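Shown next: my_file08.cif, containing mmCIF, C-alpha atoms.
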```cif
data_query
loop_
_atom_site.label_atom_id
_atom_site.label_comp_id
_atom_site.auth_asym_id
_atom_site.auth_seq_id
_atom_site.Cartn_x
_atom_site.Cartn_y
_atom_site.Cartn_z
CA MET A 26 -20.84 -40.90 -15.61
CA ASP A 27 -21.80 -44.57 -15.43
CA PHE A 28 -19.19 -45.20 -18.09
CA TYR A 29 -16.33 -44.06 -15.85
CA SER A 30 -17.49 -46.21 -12.96
CA SER A 31 -17.55 -49.34 -15.13
CA ILE A 32 -14.01 -48.93 -16.48
CA ASP A 33 -11.47 -51.37 -15.12
CA SER A 34 -8.68 -49.22 -13.70
CA SER A 35 -6.07 -51.86 -14.51
CA GLN A 36 -6.74 -51.32 -18.23
CA LEU A 37 -6.05 -47.58 -18.08
CA ASP A 38 -2.61 -46.23 -18.92
CA THR A 39 -1.40 -44.35 -15.85
CA GLN A 40 1.13 -42.39 -17.93
CA LYS A 41 -1.59 -40.67 -20.00
CA PRO A 42 -4.24 -38.32 -18.61
CA THR A 43 -7.91 -39.03 -19.14
CA LEU A 44 -10.13 -36.80 -21.25
CA PHE A 45 -11.87 -35.66 -18.08
CA GLU A 46 -8.59 -34.44 -16.57
CA VAL A 47 -7.57 -32.58 -19.72
CA SER A 48 -10.95 -30.88 -20.16
CA SER A 49 -11.14 -29.95 -16.46
CA CYS A 50 -7.63 -28.54 -16.63
CA SER A 51 -8.40 -26.35 -19.64
CA GLN A 52 -11.68 -25.11 -18.14
CA LEU A 53 -10.08 -24.22 -14.83
CA ASP A 54 -7.22 -22.48 -16.63
CA SER A 55 -9.64 -20.39 -18.70
CA LEU A 56 -11.59 -19.38 -15.57
CA LEU A 57 -8.62 -18.33 -13.45
CA THR A 58 -7.97 -14.90 -14.99
CA PRO A 59 -11.63 -13.73 -15.07
CA SER A 60 -12.08 -14.88 -11.48
CA LEU A 61 -9.06 -12.92 -10.31
CA LYS A 62 -10.27 -9.85 -12.21
CA PHE A 63 -13.72 -10.15 -10.64
CA LEU A 64 -12.22 -10.32 -7.15
CA LEU A 65 -9.98 -7.35 -7.85
CA THR A 66 -12.94 -5.37 -9.22
CA HIS A 67 -14.96 -6.16 -6.11
CA TYR A 68 -12.24 -5.01 -3.75
CA THR A 69 -11.48 -1.96 -5.90
CA HIS A 70 -14.96 -0.65 -5.08
CA ARG A 71 -14.04 -0.85 -1.40
CA TYR A 72 -10.47 0.48 -1.69
CA PRO A 73 -10.31 2.49 -4.92
CA ARG A 74 -7.30 4.55 -3.95
CA LEU A 75 -5.14 1.47 -3.44
CA LEU A 76 -6.35 -0.87 -6.14
CA LEU A 77 -7.46 1.30 -9.07
CA ARG A 78 -4.01 1.38 -10.69
CA ILE A 79 -3.70 -2.38 -10.35
CA LEU A 80 -7.13 -2.88 -11.91
CA ASN A 81 -6.30 -0.53 -14.81
CA ASN A 82 -3.15 -2.54 -15.56
CA PHE A 83 -4.57 -5.94 -14.64
CA ASP A 84 -3.76 -7.67 -17.93
CA GLU A 85 -0.09 -6.78 -17.84
CA ILE A 86 0.32 -7.51 -14.13
CA ASN A 87 -1.49 -10.83 -14.55
CA LEU A 88 0.71 -11.69 -17.53
CA PHE A 89 3.87 -10.93 -15.54
CA LEU A 90 2.88 -12.76 -12.34
CA ARG A 91 1.39 -15.79 -14.08
CA GLY A 92 4.42 -15.86 -16.35
CA LEU A 93 6.72 -16.12 -13.35
CA ILE A 94 4.58 -18.78 -11.68
CA GLU A 95 4.11 -20.84 -14.84
CA PHE A 96 7.81 -20.62 -15.71
CA ALA A 97 8.77 -21.86 -12.25
CA TYR A 98 6.29 -24.73 -12.44
CA LEU A 99 7.33 -25.68 -15.99
CA LYS A 100 11.00 -25.58 -15.04
CA THR A 101 10.54 -27.59 -11.83
CA TRP A 102 7.71 -30.03 -12.55
CA ASN A 103 7.26 -29.94 -16.36
CA SER A 104 3.68 -28.79 -15.88
CA THR A 105 1.83 -25.53 -15.45
CA PHE A 106 0.23 -24.55 -12.14
CA ILE A 107 -3.17 -25.99 -13.07
CA GLU A 108 -1.67 -29.11 -14.71
CA LYS A 109 0.26 -29.82 -11.51
CA PHE A 110 -3.01 -29.57 -9.60
CA TYR A 111 -4.50 -32.33 -11.79
CA GLY A 112 -1.30 -34.38 -11.91
CA ILE A 113 -0.72 -33.81 -15.63
CA LYS A 114 2.86 -33.60 -16.80
CA ARG A 115 4.35 -32.44 -20.09
CA VAL A 116 7.09 -34.55 -21.62
CA SER A 117 9.58 -33.85 -24.35
CA SER A 118 8.58 -34.82 -27.86
CA ILE A 119 12.05 -36.19 -28.60
CA PRO A 120 11.69 -39.94 -29.18
CA ILE A 121 13.33 -42.04 -26.48
CA ILE A 122 14.30 -45.63 -27.13
CA PRO A 123 13.66 -47.47 -23.83
CA ASN A 124 15.51 -50.63 -24.98
CA ASN A 125 18.84 -48.87 -24.66
CA SER A 126 20.49 -50.51 -21.64
CA ALA A 127 22.34 -47.33 -20.63
CA ILE A 128 19.09 -45.41 -20.37
CA SER A 129 16.98 -48.18 -18.84
CA ASN A 130 19.53 -48.87 -16.08
CA ASN A 131 19.79 -45.19 -15.17
CA SER A 132 16.30 -43.83 -14.41
CA SER A 133 17.64 -40.32 -13.74
CA LYS A 134 19.01 -40.20 -17.29
CA TYR A 135 15.62 -41.35 -18.59
CA ASP A 136 13.85 -38.63 -16.57
CA GLU A 137 16.34 -36.07 -17.86
CA LEU A 138 15.54 -36.99 -21.46
CA LYS A 139 11.80 -36.64 -20.77
CA ARG A 140 12.22 -33.08 -19.42
CA LEU A 141 11.25 -30.17 -21.61
CA SER A 142 14.01 -28.38 -23.45
CA TYR A 143 14.31 -24.61 -23.01
CA PHE A 144 12.67 -24.02 -26.40
CA GLN A 145 9.77 -26.33 -25.52
CA LEU A 146 9.43 -24.58 -22.17
CA ILE A 147 9.16 -21.18 -23.87
CA LEU A 148 6.61 -22.54 -26.37
CA SER A 149 4.57 -24.02 -23.51
CA LEU A 150 4.69 -20.69 -21.73
CA LEU A 151 3.59 -18.88 -24.88
CA ASP A 152 0.76 -21.37 -25.34
CA SER A 153 -0.51 -21.15 -21.78
CA ILE A 154 -0.10 -17.40 -21.21
CA GLY A 155 0.91 -15.47 -24.33
CA ILE A 156 -1.85 -16.54 -26.69
CA PRO A 157 -4.70 -15.97 -24.17
CA TYR A 158 -3.24 -12.52 -23.39
CA ILE A 159 -3.12 -11.54 -27.08
CA ASN A 160 -6.61 -12.98 -27.59
CA SER A 161 -8.06 -10.94 -24.72
CA LYS A 162 -6.38 -7.74 -25.97
CA LEU A 163 -7.71 -8.26 -29.51
CA GLN A 164 -11.18 -9.06 -28.17
CA ARG A 165 -11.20 -5.88 -26.08
CA TYR A 166 -9.99 -3.85 -29.07
CA HIS A 167 -12.76 -5.35 -31.21
CA GLU A 168 -15.36 -4.49 -28.56
CA LYS A 169 -14.06 -0.92 -28.57
CA LEU A 170 -14.11 -0.49 -32.35
CA MET A 171 -17.42 -2.20 -33.16
CA PRO A 172 -19.73 0.54 -31.78
CA GLN A 173 -17.68 3.20 -33.57
CA TYR A 174 -18.00 1.28 -36.83
CA LEU A 175 -21.74 0.89 -36.41
CA LEU A 176 -22.23 4.58 -35.61
CA ASN A 177 -20.09 5.66 -38.55
CA SER A 178 -21.98 3.41 -40.95
CA ILE A 179 -25.32 4.74 -39.67
CA ASN A 180 -24.12 8.35 -40.01
CA ILE A 181 -22.87 7.75 -43.55
CA GLU A 182 -26.12 6.09 -44.63
CA SER A 183 -28.29 8.72 -42.94
CA SER A 184 -26.38 11.57 -44.58
CA THR A 185 -26.78 10.02 -48.03
CA SER A 186 -30.49 9.24 -47.62
CA ASN A 187 -33.06 11.64 -48.95
CA THR A 188 -35.04 12.32 -45.79
CA SER A 189 -36.93 15.57 -45.69
CA ILE A 190 -36.07 18.15 -43.10
CA GLY A 191 -39.64 18.31 -41.88
CA SER A 192 -39.92 14.60 -41.06
CA SER A 193 -40.72 13.74 -37.49
CA ILE A 194 -38.32 12.27 -34.95
CA ASP A 195 -40.29 9.02 -34.94
CA GLU A 196 -39.74 8.58 -38.68
CA LYS A 197 -36.02 9.25 -38.35
CA SER A 198 -35.66 6.83 -35.44
CA THR A 199 -37.54 4.19 -37.45
CA ILE A 200 -35.21 4.70 -40.40
CA LEU A 201 -32.13 4.51 -38.16
CA SER A 202 -33.37 1.35 -36.43
CA LYS A 203 -34.04 -0.29 -39.82
CA LYS A 204 -30.53 0.63 -40.99
CA LEU A 205 -29.01 -0.65 -37.75
CA SER A 206 -30.85 -3.96 -38.04
CA LYS A 207 -29.75 -4.20 -41.69
CA ILE A 208 -26.10 -3.64 -40.67
CA LEU A 209 -26.31 -6.12 -37.81
CA SER A 210 -27.88 -8.77 -40.02
CA LYS A 211 -24.87 -8.64 -42.35
#
```

Rewritten as structure tokens:
Amino acid sequence: MDFYSSIDSSQLDTQKPTLFEVSSCSQLDSLLTPSLKFLLTHYTHRYPRLLLRILNNFDEINLFLRGLIEFAYLKTWNSTFIEKFYGIKRVSSIPIIPNNSAISNNSSKYDELKRLSYFQLILSLLDSIGIPYINSKLQRYHEKLMPQYLLNSINIESSTSNTSIGSSIDEKSTILSKKLSKILSK
């Protein structure tokens, strides 16, 4: 942190965010949904009749509500909710020539050209909400299928092995644990 204190602030570009701001923004954005889910889970234990349906459909409700909030923020301030908190703003990728006298004399026209187009707004919304939603759904689906896959592979290998019927439970559990460790090491 000594590095940041020795930087001359007059040499920094005020139009570009620092690496610290960008990393803090992304970390806070990734922690928002799990934090809300934790709070909802906590209060669902106290009021299960009221909040159980909301908890069961948390991903979809969160997607809808955050989508509305992020859309409003992107439309109004060209930044998401968290980016607005850190003072980060998204600008259009269309090149603007500042030497044009018509644009430089009219700052509102210049600001209008820097605003996100509707297509860029939708892509920003997809990037900030859609992709994390799809990622969490695929992760949850993977966590659901992995134990089934492991059990099926153990059952298939144990049915094809030539273990005697009279072998003890300890021997069978040892064989199953060896097969499980062999599958997990793959």

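Taking CA of Tyr143 in chain A as the reference point, CA of Arg91 in chain A is found at 18.0 Å.
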
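The residue set within 12 Å of Gly155 in chain A, counting only C-alpha atoms and dropping same-chain residues fewer than 3 places from it, reads Asp84, Glu85, Asn87, Leu88, Phe89, Arg91, Gly92, Glu95, Ile147, Leu148, Ser149, Leu150, Leu151, Asp152, Tyr158, Ile159, Asn160, Ser161 and Lys162 of chain A.
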
**Q.** the PyMOL selection byres ((chain A and resi 61-71) around 12) applied to the shown file, residues as a PyMOL selection string
**A.** chain A and resi 54-60+72-84+86-87+91

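Atom pair CA of Leu146 in chain A / CA of Asn103 in chain A: separated by 8.2 Å.
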
Q. Quick one: which residues end up in the PyMOL selection byres ((chain A and resi 104-109) around 10) for this structure, as a PyMOL selection string?
A. chain A and resi 46-47+49-54+57+91+94-103+110-116+141+146+149-150+153

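Taking CA of Phe144 in chain A and CA of Asp38 in chain A as endpoints, the distance between them is 28.0 Å.
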